[in-house]
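A.B. asks: Provided herewith is a single structure, encoded as structure tokens, for subsequent inquiry.
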Amino acid sequence: MSHKLMIAERFSRAATSYAQHNELQRHCAVALLARLPHRDLGTTLDIGCGPAVNSDVLHARASQYLGIDIAPGMLHYAQQQWPHLQWICGDLEQLPIAANTVDTIYANLALQWAEDITTTLAQWLDCLRPAGVIVATTVLQGSLQPLSQYLLKFTGHRRHNQFLGRQDLVQRLNTLKGVEISIDYHSITIHYPSVRTMLHDLKGIGASYQYQQRPPLAKQQLLRVESAMEWHRDALGRLPLDWQIAVFKLTKVQS
Ligand SMILES: C[S@@+](CC[C@H](N)C(=O)[O-])C[C@H]1O[C@@H](n2cnc3c(N)ncnc32)[C@H](O)[C@@H]1O
């Protein structure tokens, strides 16, 4: 089975319980919604829309809303919540959308699933009308700490996909033609009572999928990770999980 199909399957399985695990997504959505232009959003694509958490807010400001996701299970859930909106099953790297037909693209925490972010964004820009905007968040290198360092130490493997560094992202954005770029960075810490709830959450949002498959975590390995993570417990008894997030806006320059 291809990676894309496996990602679709993993996220489809996560759809119904997703809302219990999406604290990071909700933080990022606040930053992203604040970056939207103050005008009518016009024809709006919500790429990697997941279970449609922000669809009502976007739809209220758009003349037409289209949610796109690769996971049929996510779209099924979204459609049940908002049957009057339009849902398309598709790959964000091959959008089934004609050039020059879209005013706004919103993509919250989906771009890190693109195998080639530059060609993906170039293609999204093609879909935009002049003066159209893309607002997007993506996960950067340095995320999933301190958990990630202990998983590596005690299993010998990185247990998540590699994320772009800040400089790598900026370099890739700078290769795009006919676009104004603004970008900022957010460090977000989500707190958990235990390592097991942390891992459960990562699974619950489909984020534990790896291109390079690893053997399951053995009981002894998990116990070592749990013991090392205790050093990070704060005065409120919580364990931290850090995320490094880029929030950016691309505006297609009027020609
Ligand atoms: C972390 S979730 C974010 C969902 C939603 N945007 C939110 O803010 O709650 C990532 C979403 O991207 C979707 N996704 C992953 N790879 C994709 C691809 N190649 N094309 C389209 N959607 C994809 C997943 O199915 C999932 O719904």
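By convention in this document, the chains of the structure tokens carry letters A, B, ... by their order, each chain's residues are numbered from 1, and ligands are numbered from 1 in the order they are shown.
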Can you work out which residues are within 9 Å of ligand 1, considering only C-alpha atoms and all ligand atoms, and then hand them over as a ChimeraX atom specification?

C.D. replies: /A:4,7-12,14-15,18-19,22,24-26,28-29,46-54,68-75,89-95,106-115,205-207

A.B. asks: Can I get the selection written as a PDB file, in the first residue's frame, with C-alpha atoms?

C.D. replies:
```pdb
ATOM      1  CA  LYS A   4      -0.688   8.248   0.793  1.00  0.00           C
ATOM      2  CA  ILE A   7      -1.943   8.169   5.728  1.00  0.00           C
ATOM      3  CA  ALA A   8      -5.550   8.344   4.486  1.00  0.00           C
ATOM      4  CA  GLU A   9      -6.389   5.170   6.404  1.00  0.00           C
ATOM      5  CA  ARG A  10      -4.657   6.363   9.584  1.00  0.00           C
ATOM      6  CA  PHE A  11      -6.469   9.706   9.572  1.00  0.00           C
ATOM      7  CA  SER A  12      -9.802   8.087   8.640  1.00  0.00           C
ATOM      8  CA  ALA A  14      -8.793   9.002  13.856  1.00  0.00           C
ATOM      9  CA  ALA A  15     -11.819  10.956  12.605  1.00  0.00           C
ATOM     10  CA  TYR A  18     -10.150  13.544  16.742  1.00  0.00           C
ATOM     11  CA  ALA A  19     -11.835  16.402  18.615  1.00  0.00           C
ATOM     12  CA  ASN A  22      -6.784  18.458  18.844  1.00  0.00           C
ATOM     13  CA  LEU A  24      -2.536  21.881  19.107  1.00  0.00           C
ATOM     14  CA  GLN A  25      -4.792  22.281  16.050  1.00  0.00           C
ATOM     15  CA  ARG A  26      -7.064  24.649  17.984  1.00  0.00           C
ATOM     16  CA  CYS A  28      -2.825  26.955  15.467  1.00  0.00           C
ATOM     17  CA  ALA A  29      -6.276  27.743  14.069  1.00  0.00           C
ATOM     18  CA  ASP A  46      -9.778  24.362   3.406  1.00  0.00           C
ATOM     19  CA  ILE A  47      -6.948  21.980   2.529  1.00  0.00           C
ATOM     20  CA  GLY A  48      -6.434  18.999   4.833  1.00  0.00           C
ATOM     21  CA  CYS A  49      -9.702  20.065   6.444  1.00  0.00           C
ATOM     22  CA  GLY A  50      -9.875  16.978   8.710  1.00  0.00           C
ATOM     23  CA  PRO A  51     -13.142  16.726  10.654  1.00  0.00           C
ATOM     24  CA  ALA A  52     -14.183  20.284   9.739  1.00  0.00           C
ATOM     25  CA  VAL A  53     -13.394  21.988  13.017  1.00  0.00           C
ATOM     26  CA  ASN A  54     -13.106  25.448  11.416  1.00  0.00           C
ATOM     27  CA  ILE A  68     -10.462  18.918   0.818  1.00  0.00           C
ATOM     28  CA  ASP A  69      -8.871  15.945   2.540  1.00  0.00           C
ATOM     29  CA  ILE A  70      -7.206  12.691   1.556  1.00  0.00           C
ATOM     30  CA  ALA A  71      -8.972  10.704   4.297  1.00  0.00           C
ATOM     31  CA  PRO A  72     -12.496   9.537   3.379  1.00  0.00           C
ATOM     32  CA  GLY A  73     -13.265   8.939   7.078  1.00  0.00           C
ATOM     33  CA  MET A  74     -12.512  12.590   7.897  1.00  0.00           C
ATOM     34  CA  LEU A  75     -14.739  13.769   5.039  1.00  0.00           C
ATOM     35  CA  CYS A  89     -11.508  13.674  -1.436  1.00  0.00           C
ATOM     36  CA  GLY A  90      -8.138  14.592  -2.919  1.00  0.00           C
ATOM     37  CA  ASP A  91      -4.406  14.868  -2.442  1.00  0.00           C
ATOM     38  CA  LEU A  92      -3.040  18.282  -1.456  1.00  0.00           C
ATOM     39  CA  GLU A  93      -0.091  17.645  -3.786  1.00  0.00           C
ATOM     40  CA  GLN A  94      -2.453  17.217  -6.764  1.00  0.00           C
ATOM     41  CA  LEU A  95      -5.389  19.494  -6.163  1.00  0.00           C
ATOM     42  CA  TYR A 106      -6.585  27.879   4.414  1.00  0.00           C
ATOM     43  CA  ALA A 107      -4.425  24.931   5.484  1.00  0.00           C
ATOM     44  CA  ASN A 108      -4.024  24.184   9.180  1.00  0.00           C
ATOM     45  CA  LEU A 109      -1.324  21.602   9.972  1.00  0.00           C
ATOM     46  CA  ALA A 110      -1.643  19.710   6.697  1.00  0.00           C
ATOM     47  CA  LEU A 111       1.398  20.908   4.717  1.00  0.00           C
ATOM     48  CA  GLN A 112       3.868  18.813   6.706  1.00  0.00           C
ATOM     49  CA  TRP A 113       2.317  15.836   4.890  1.00  0.00           C
ATOM     50  CA  ALA A 114       3.466  17.148   1.491  1.00  0.00           C
ATOM     51  CA  GLU A 115       6.461  15.256   0.157  1.00  0.00           C
ATOM     52  CA  ILE A 205      -4.575  12.766  15.639  1.00  0.00           C
ATOM     53  CA  GLY A 206      -2.882  10.371  13.218  1.00  0.00           C
ATOM     54  CA  ALA A 207       0.517  11.992  13.885  1.00  0.00           C
TER      55      ALA A 207
END
```

A.B. asks: Taking the backbone alone, and naming residues the way the document does, which bits of stretch 34-181 of chain A are alpha helix (DSSP H) by DSSP, as JSON, numbers by chain?

C.D. replies: {"A": [55, 56, 57, 58, 59, 60, 61, 72, 73, 74, 75, 76, 77, 78, 79, 80, 81, 117, 118, 119, 120, 121, 122, 123, 124, 125, 126, 127, 147, 148, 149, 150, 151, 152, 153, 154, 155, 166, 167, 168, 169, 170, 171, 172, 173, 174]}

A.B. asks: Grab the atom CA of A:Leu169 to atom CA of A:Lys153 distance for me, in Å with one decimal place.

C.D. replies: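 For atom CA of A:Leu169 relative to atom CA of A:Lys153, the distance reads 27.1 Å.
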
A.B. asks: Of the residues A:Gln167, A:Gln213, A:Thr137, A:Gln149, which is the one nearest to A:Val225, using only C-alpha atoms?

C.D. replies: A:Gln149

A.B. asks: When you look at A:Gln244 with a cut-off of 8 Å (counting only C-alpha atoms), what residues show up, excluding the ones that are within fewer than 6 positions of it in the same chain? I need them as a count of residues only.

C.D. replies: 9

A.B. asks: Taking 5 positions as the minimum chain separation for residues in the same chain, which residues sit within 12 Å of stretch 194-204 of chain A when counting only C-alpha atoms? Answer as a PyMOL selection string.

C.D. replies: chain A and resi 10-25+144-148+150-151+159-160+189+209-210+217+219+222-230+232-234+237-242

A.B. asks: Go ahead and dump the residues you just picked, C-alpha atoms, as a PDB file, in the first residue's frame.

C.D. replies:
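selection-v6.pdb written:
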```pdb
ATOM      1  CA  ARG A  10      -4.657   6.363   9.584  1.00  0.00           C
ATOM      2  CA  PHE A  11      -6.469   9.706   9.572  1.00  0.00           C
ATOM      3  CA  SER A  12      -9.802   8.087   8.640  1.00  0.00           C
ATOM      4  CA  ARG A  13      -9.514   5.907  11.732  1.00  0.00           C
ATOM      5  CA  ALA A  14      -8.793   9.002  13.856  1.00  0.00           C
ATOM      6  CA  ALA A  15     -11.819  10.956  12.605  1.00  0.00           C
ATOM      7  CA  THR A  16     -14.477  10.244  15.228  1.00  0.00           C
ATOM      8  CA  SER A  17     -12.258  10.772  18.295  1.00  0.00           C
ATOM      9  CA  TYR A  18     -10.150  13.544  16.742  1.00  0.00           C
ATOM     10  CA  ALA A  19     -11.835  16.402  18.615  1.00  0.00           C
ATOM     11  CA  GLN A  20     -10.616  14.941  21.943  1.00  0.00           C
ATOM     12  CA  HIS A  21      -6.980  15.211  20.794  1.00  0.00           C
ATOM     13  CA  ASN A  22      -6.784  18.458  18.844  1.00  0.00           C
ATOM     14  CA  GLU A  23      -5.515  21.035  21.345  1.00  0.00           C
ATOM     15  CA  LEU A  24      -2.536  21.881  19.107  1.00  0.00           C
ATOM     16  CA  GLN A  25      -4.792  22.281  16.050  1.00  0.00           C
ATOM     17  CA  LEU A 144       7.785  16.743  19.905  1.00  0.00           C
ATOM     18  CA  GLN A 145      10.479  17.498  22.470  1.00  0.00           C
ATOM     19  CA  PRO A 146      11.414  16.302  25.028  1.00  0.00           C
ATOM     20  CA  LEU A 147       9.586  13.047  24.187  1.00  0.00           C
ATOM     21  CA  SER A 148      11.331  12.638  20.845  1.00  0.00           C
ATOM     22  CA  TYR A 150      14.039   9.891  24.765  1.00  0.00           C
ATOM     23  CA  LEU A 151      12.286   7.753  22.164  1.00  0.00           C
ATOM     24  CA  ARG A 159       9.775   7.789  16.007  1.00  0.00           C
ATOM     25  CA  HIS A 160       8.278  10.539  13.849  1.00  0.00           C
ATOM     26  CA  THR A 189       3.529  23.504  24.654  1.00  0.00           C
ATOM     27  CA  TYR A 209       2.338   7.625  11.125  1.00  0.00           C
ATOM     28  CA  GLN A 210       5.931   7.243   9.881  1.00  0.00           C
ATOM     29  CA  LEU A 217       7.464   0.390  21.368  1.00  0.00           C
ATOM     30  CA  LYS A 219       7.271  -2.344  27.361  1.00  0.00           C
ATOM     31  CA  LEU A 222       8.251   2.695  27.293  1.00  0.00           C
ATOM     32  CA  LEU A 223       9.171   2.371  30.996  1.00  0.00           C
ATOM     33  CA  ARG A 224      12.572   3.994  30.330  1.00  0.00           C
ATOM     34  CA  VAL A 225      10.979   6.851  28.381  1.00  0.00           C
ATOM     35  CA  GLU A 226       8.434   7.369  31.176  1.00  0.00           C
ATOM     36  CA  SER A 227      11.144   7.458  33.792  1.00  0.00           C
ATOM     37  CA  ALA A 228      13.282   9.980  31.836  1.00  0.00           C
ATOM     38  CA  MET A 229      10.261  12.202  31.172  1.00  0.00           C
ATOM     39  CA  GLU A 230       9.632  12.512  34.925  1.00  0.00           C
ATOM     40  CA  HIS A 232      10.281  17.404  33.022  1.00  0.00           C
ATOM     41  CA  ARG A 233       7.203  17.249  35.239  1.00  0.00           C
ATOM     42  CA  ASP A 234       6.250  20.795  36.293  1.00  0.00           C
ATOM     43  CA  GLY A 237       2.289  17.787  37.868  1.00  0.00           C
ATOM     44  CA  ARG A 238       2.182  18.050  34.062  1.00  0.00           C
ATOM     45  CA  LEU A 239       4.500  16.711  31.370  1.00  0.00           C
ATOM     46  CA  PRO A 240       5.258  19.058  28.439  1.00  0.00           C
ATOM     47  CA  LEU A 241       5.218  18.322  24.715  1.00  0.00           C
ATOM     48  CA  ASP A 242       6.697  21.160  22.641  1.00  0.00           C
TER      49      ASP A 242
END
```

A.B. asks: Which residues are near stretch 179-181 of chain A? Cut-off 10 Å, only C-alpha atoms, ignore same chain within fewer than 4 positions. Put them as a list in words.

C.D. replies: Ala122, Leu125, Pro130, Ala131, Gly132, Val133, Ile134, Val170, Leu173, Asn174, Thr175, Phe248, Lys249, Leu250, Thr251, Lys252, Val253 and Gln254 of chain A

A.B. asks: DSSP on the backbone, then: every residue of stretch 4-248 of chain A marked strand (DSSP E or B), written as a ChimeraX atom specification.

C.D. replies: /A:43-47,64-69,86-89,102-108,128-140,145,164,179-192,239-248

A.B. asks: So that I can see what lies close to A:Arg61, please list as number ranges by chain the residues with an atom at most 9 Å from it, counting only C-alpha atoms and leaving out residues fewer than 5 positions away in the same chain.

C.D. replies: A: 39-42, 56

A.B. asks: Would you mind telling me which residue in A:Leu128, A:Leu121, A:Ala136, A:Val247 lies nearest to A:Arg172 when using only C-alpha atoms?

C.D. replies: A:Leu121

A.B. asks: Neighbouring residues of A:Leu66 were defined as those with any atom within 6 Å, considering only C-alpha atoms; residues of the same chain fewer than 5 positions away were excluded. Please report them as a list in words.

C.D. replies: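 Counting only the stated atoms, we get Leu45, Gln86 and Trp87 of chain A.
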